[in-house]
Each structure stands twice: as structure tokens, then as C-alpha cells.
Amino acid sequence: KNQVEQSPQSLIILEGKNCTLQCNYTVSPFSNLRWYKQDTGRGPVSLTIMTFSENTKSNGRYTATLDADTKQSSLHITASQLSDSASYICVGYSSASKIIFGSGTRLSIRP
Amino acid sequence: DAGITQSPRHKVTETGTPVTLRCHQTENHRYMYWYRQDPGHGLRLIHYSYGVKDTDKGEVSDGYSVSRSKTEDFLLTLESATSSQTSVYFCAAGLYTGELFFGEGSRLTVL
């Protein structure tokens, strides 16, 4: 069964601190994995895409990793800012036309 | 901004009434999707379209129908709204292996 599980469900950190969000995926046949950011009251927006051959990809203060052997991905946020407060959704794409959403991690940044 | 607009953005209706949500895109994406988002759940696929007049069911399609008469428009209809259909509905467009572009969401309350 295709599924994407994220942890933690929610996280609170102080501004300026780093954090890492986790994603375990079972997607077959695997095509790629994306991380989306969803601000409160808005639609999700793609942050980064990870394919089978990529281990690490950075987008500003966001760094995503992918371990195809363990089927795990992480999103690391460096030097957090108040604007990073949002839900972060891990999404697995199969080459069989399936898109599988995780339930998201709600991140709150405190000043 | 990938030009996905949803209307209405907010709607309150009564049980048993029909409701239609509209999604309009300006980027000529072939694939369009309707999702619902509820607390404790990830985005769940209701219906999707892979071309004009070509649609298929998602995982939570009961009680919903869709139509796509033009590339740019994708309509979601609740024939007889129920309280369990109170939710935030998101339209998305893109490719099934690629980035999805989301609208801002339509908040529906069924009393």
C-alpha cells in the first residue's frame, strides 16, 4: 500500500534555531518526492523535488535529503524565521500516476 | 503564482442543497485535481481530470461529481450537501509526476 508518514505532527522552536522534519514513504513504483509548504489559509507551494538519484538538495535555508534504501526523506530548516511557521507536507509520486500526501508537520516559530 | 483561482472562497449552505465549486487555471495544465483537507488528515483526492471531458475518481469521491468542458475550468459539484462535506477544498493543476500548483482553497460549511 502506498503511504507517506511524517513526524513529528507538530513542532515548536525558537526563532533562529534549526529543525528537521521527517518523512517515511512507501511509494511504488517510485518516481519522486516533493516537499510542500502550506501557510495558514493558503494552498501548498512546492519547496523542492527529490528524485531517486538525488541525496541532498538545497533551496535557500531549506535542505532536503533522500535515502532511497531506507525510504526516508528529511527537510532541514536552518536559522528559522517567523515566516517559516507553516505546515510542511511530504508528497510521494509514483510513476503509476499516484500522488500520495503525508498528513504534514505543523511548525511554529516563536520569537 | 501559477494562475489557479477558486470560487467561491467561502460558502455556507444547508444540508441537502446543491453546491458547485469552480476552479480556473490560466497555464494550460492538462491535469487538474480536487482535494479536500480536514484536520488530522492529509489532502485527500476527490476527483481528477486528465483532459477535457476525461475525469476519474479519487479516494473520497462518494457524494461528489466533476465536469471539465474546457481545459481551463474544472467544476466540483456536491449534489446534495451533507455536514460531513464541511471542509476546505483545494483545486490543483499540473502533471501527475511534477509540481502541483494549488489554488487558495474554498472553505465550505454545511449546516
# chains A, B, ... in the order shown; residues from 1 in each chain; ligands from 1
>>> interface_residues(of="chain B", to="chain A", cutoff="7 Å", atoms="only C-alpha atoms", output="list of chain:residue names")
B:Gly40, B:His41, B:Gly42, B:Leu43, B:Tyr96, B:Thr97, B:Glu99, B:Phe101, B:Phe102, B:Gly103, B:Glu104, B:Gly105
>>> residues_around(residues="B:Val52", least_positions_apart="2", cutoff="9 Å", atoms="only C-alpha atoms", output="list in words")
Arg30, Ser49, Tyr50, Asp54, Thr55, Ser67, Arg68, Ser69, Lys70 and Thr71 of chain B
>>> atom_distance(atom1="atom CA of A:Thr78", atom2="atom CA of A:Phe30")
28.2 Å
>>> residues_around(residues="B:Thr77", least_positions_apart="5", cutoff="6 Å", atoms="only C-alpha atoms", output="list in words")
Val19, Thr20, Tyr64, Ser65 and Val66 of chain B
>>> residues_around(residues="A:Thr56", least_positions_apart="4", cutoff="10 Å", atoms="only C-alpha atoms", output="PDB file with all heavy atoms, in the first residue's frame")
ATOM      1  N   MET A  50      12.797  15.736  -4.965  1.00  0.00           N
ATOM      2  CA  MET A  50      13.889  14.773  -4.815  1.00  0.00           C
ATOM      3  C   MET A  50      13.608  13.571  -5.708  1.00  0.00           C
ATOM      4  O   MET A  50      12.540  12.952  -5.603  1.00  0.00           O
ATOM      5  CB  MET A  50      13.999  14.316  -3.358  1.00  0.00           C
ATOM      6  CG  MET A  50      14.197  15.432  -2.359  1.00  0.00           C
ATOM      7  SD  MET A  50      15.747  16.306  -2.593  1.00  0.00           S
ATOM      8  CE  MET A  50      16.930  15.038  -2.144  1.00  0.00           C
ATOM      9  N   THR A  51      14.540  13.227  -6.567  1.00  0.00           N
ATOM     10  CA  THR A  51      14.403  12.028  -7.380  1.00  0.00           C
ATOM     11  C   THR A  51      15.263  10.909  -6.815  1.00  0.00           C
ATOM     12  O   THR A  51      16.045  11.126  -5.888  1.00  0.00           O
ATOM     13  CB  THR A  51      14.817  12.303  -8.843  1.00  0.00           C
ATOM     14  OG1 THR A  51      16.186  12.729  -8.857  1.00  0.00           O
ATOM     15  CG2 THR A  51      13.942  13.388  -9.450  1.00  0.00           C
ATOM     16  N   THR A  63      16.982  22.446   3.241  1.00  0.00           N
ATOM     17  CA  THR A  63      17.766  21.365   2.656  1.00  0.00           C
ATOM     18  C   THR A  63      16.990  20.072   2.796  1.00  0.00           C
ATOM     19  O   THR A  63      16.631  19.677   3.906  1.00  0.00           O
ATOM     20  CB  THR A  63      19.139  21.216   3.341  1.00  0.00           C
ATOM     21  OG1 THR A  63      19.874  22.434   3.185  1.00  0.00           O
ATOM     22  CG2 THR A  63      19.922  20.071   2.718  1.00  0.00           C
ATOM     23  N   ALA A  64      16.735  19.432   1.668  1.00  0.00           N
ATOM     24  CA  ALA A  64      16.029  18.153   1.684  1.00  0.00           C
ATOM     25  C   ALA A  64      17.018  17.033   1.416  1.00  0.00           C
ATOM     26  O   ALA A  64      17.973  17.188   0.655  1.00  0.00           O
ATOM     27  CB  ALA A  64      14.927  18.140   0.638  1.00  0.00           C
ATOM     28  N   THR A  65      16.789  15.908   2.056  1.00  0.00           N
ATOM     29  CA  THR A  65      17.605  14.719   1.813  1.00  0.00           C
ATOM     30  C   THR A  65      16.686  13.562   1.442  1.00  0.00           C
ATOM     31  O   THR A  65      15.500  13.549   1.779  1.00  0.00           O
ATOM     32  CB  THR A  65      18.434  14.324   3.048  1.00  0.00           C
ATOM     33  OG1 THR A  65      17.549  13.913   4.093  1.00  0.00           O
ATOM     34  CG2 THR A  65      19.292  15.491   3.531  1.00  0.00           C
ATOM     35  N   LEU A  66      17.271  12.595   0.758  1.00  0.00           N
ATOM     36  CA  LEU A  66      16.520  11.400   0.387  1.00  0.00           C
ATOM     37  C   LEU A  66      17.437  10.200   0.524  1.00  0.00           C
ATOM     38  O   LEU A  66      18.568  10.199   0.008  1.00  0.00           O
ATOM     39  CB  LEU A  66      16.012  11.502  -1.058  1.00  0.00           C
ATOM     40  CG  LEU A  66      15.161  10.324  -1.525  1.00  0.00           C
ATOM     41  CD1 LEU A  66      13.770  10.411  -0.908  1.00  0.00           C
ATOM     42  CD2 LEU A  66      15.064  10.279  -3.038  1.00  0.00           C
ATOM     43  N   ASP A  67      16.967   9.186   1.234  1.00  0.00           N
ATOM     44  CA  ASP A  67      17.669   7.910   1.332  1.00  0.00           C
ATOM     45  C   ASP A  67      16.769   6.857   0.695  1.00  0.00           C
ATOM     46  O   ASP A  67      15.795   6.410   1.315  1.00  0.00           O
ATOM     47  CB  ASP A  67      17.966   7.581   2.798  1.00  0.00           C
ATOM     48  CG  ASP A  67      18.813   6.331   2.942  1.00  0.00           C
ATOM     49  OD1 ASP A  67      18.722   5.424   2.071  1.00  0.00           O
ATOM     50  OD2 ASP A  67      19.567   6.241   3.915  1.00  0.00           O
ATOM     51  N   SER A  73      13.001  10.561   3.870  1.00  0.00           N
ATOM     52  CA  SER A  73      13.396  11.894   3.444  1.00  0.00           C
ATOM     53  C   SER A  73      13.320  12.822   4.642  1.00  0.00           C
ATOM     54  O   SER A  73      12.550  12.574   5.587  1.00  0.00           O
ATOM     55  CB  SER A  73      12.478  12.395   2.327  1.00  0.00           C
ATOM     56  OG  SER A  73      12.830  13.707   1.934  1.00  0.00           O
ATOM     57  N   SER A  74      14.116  13.859   4.614  1.00  0.00           N
ATOM     58  CA  SER A  74      14.047  14.853   5.678  1.00  0.00           C
ATOM     59  C   SER A  74      14.113  16.239   5.065  1.00  0.00           C
ATOM     60  O   SER A  74      14.638  16.429   3.955  1.00  0.00           O
ATOM     61  CB  SER A  74      15.190  14.667   6.687  1.00  0.00           C
ATOM     62  OG  SER A  74      16.434  14.946   6.074  1.00  0.00           O
ATOM     63  N   LEU A  75      13.555  17.192   5.798  1.00  0.00           N
ATOM     64  CA  LEU A  75      13.635  18.600   5.421  1.00  0.00           C
ATOM     65  C   LEU A  75      14.251  19.338   6.591  1.00  0.00           C
ATOM     66  O   LEU A  75      13.680  19.361   7.686  1.00  0.00           O
ATOM     67  CB  LEU A  75      12.253  19.159   5.099  1.00  0.00           C
ATOM     68  CG  LEU A  75      12.227  20.624   4.661  1.00  0.00           C
ATOM     69  CD1 LEU A  75      12.882  20.776   3.280  1.00  0.00           C
ATOM     70  CD2 LEU A  75      10.796  21.160   4.620  1.00  0.00           C
TER      71      LEU A  75
END
>>> closest_residue(among="B:Gly98, B:Lys57, B:Ser106, B:Ser80", to="B:Gly16", atoms="only C-alpha atoms")
B:Ser80
>>> select_by_dssp(residues="stretch 30-100 of chain B", states="strand (DSSP E or B)", output="number ranges by chain")
B: 31-37, 44-51, 54-57, 64-70, 73-78, 87-94, 100
>>> decode(residues="stretch 91-108 of chain A", atoms="C-alpha atoms", output="short mmCIF file (atom, residue, chain, number, x, y, z; two decimals), in the first residue's frame")
data_model
loop_
_atom_site.label_atom_id
_atom_site.label_comp_id
_atom_site.auth_asym_id
_atom_site.auth_seq_id
_atom_site.Cartn_x
_atom_site.Cartn_y
_atom_site.Cartn_z
CA VAL A 91 4.36 14.11 -1.09
CA GLY A 92 5.35 10.91 -2.86
CA TYR A 93 4.84 10.50 -6.59
CA SER A 94 4.64 7.10 -8.22
CA SER A 95 5.27 6.54 -11.89
CA ALA A 96 1.89 4.80 -11.92
CA SER A 97 0.11 8.17 -11.75
CA LYS A 98 -0.37 8.17 -7.97
CA ILE A 99 0.29 11.17 -5.76
CA ILE A 100 0.43 10.32 -2.06
CA PHE A 101 0.24 13.08 0.54
CA GLY A 102 1.54 12.90 4.08
CA SER A 103 -0.52 14.47 6.86
CA GLY A 104 2.03 17.22 7.34
CA THR A 105 4.10 18.66 10.17
CA ARG A 106 2.84 21.89 11.68
CA LEU A 107 5.84 24.07 12.52
CA SER A 108 5.55 27.07 14.80
#
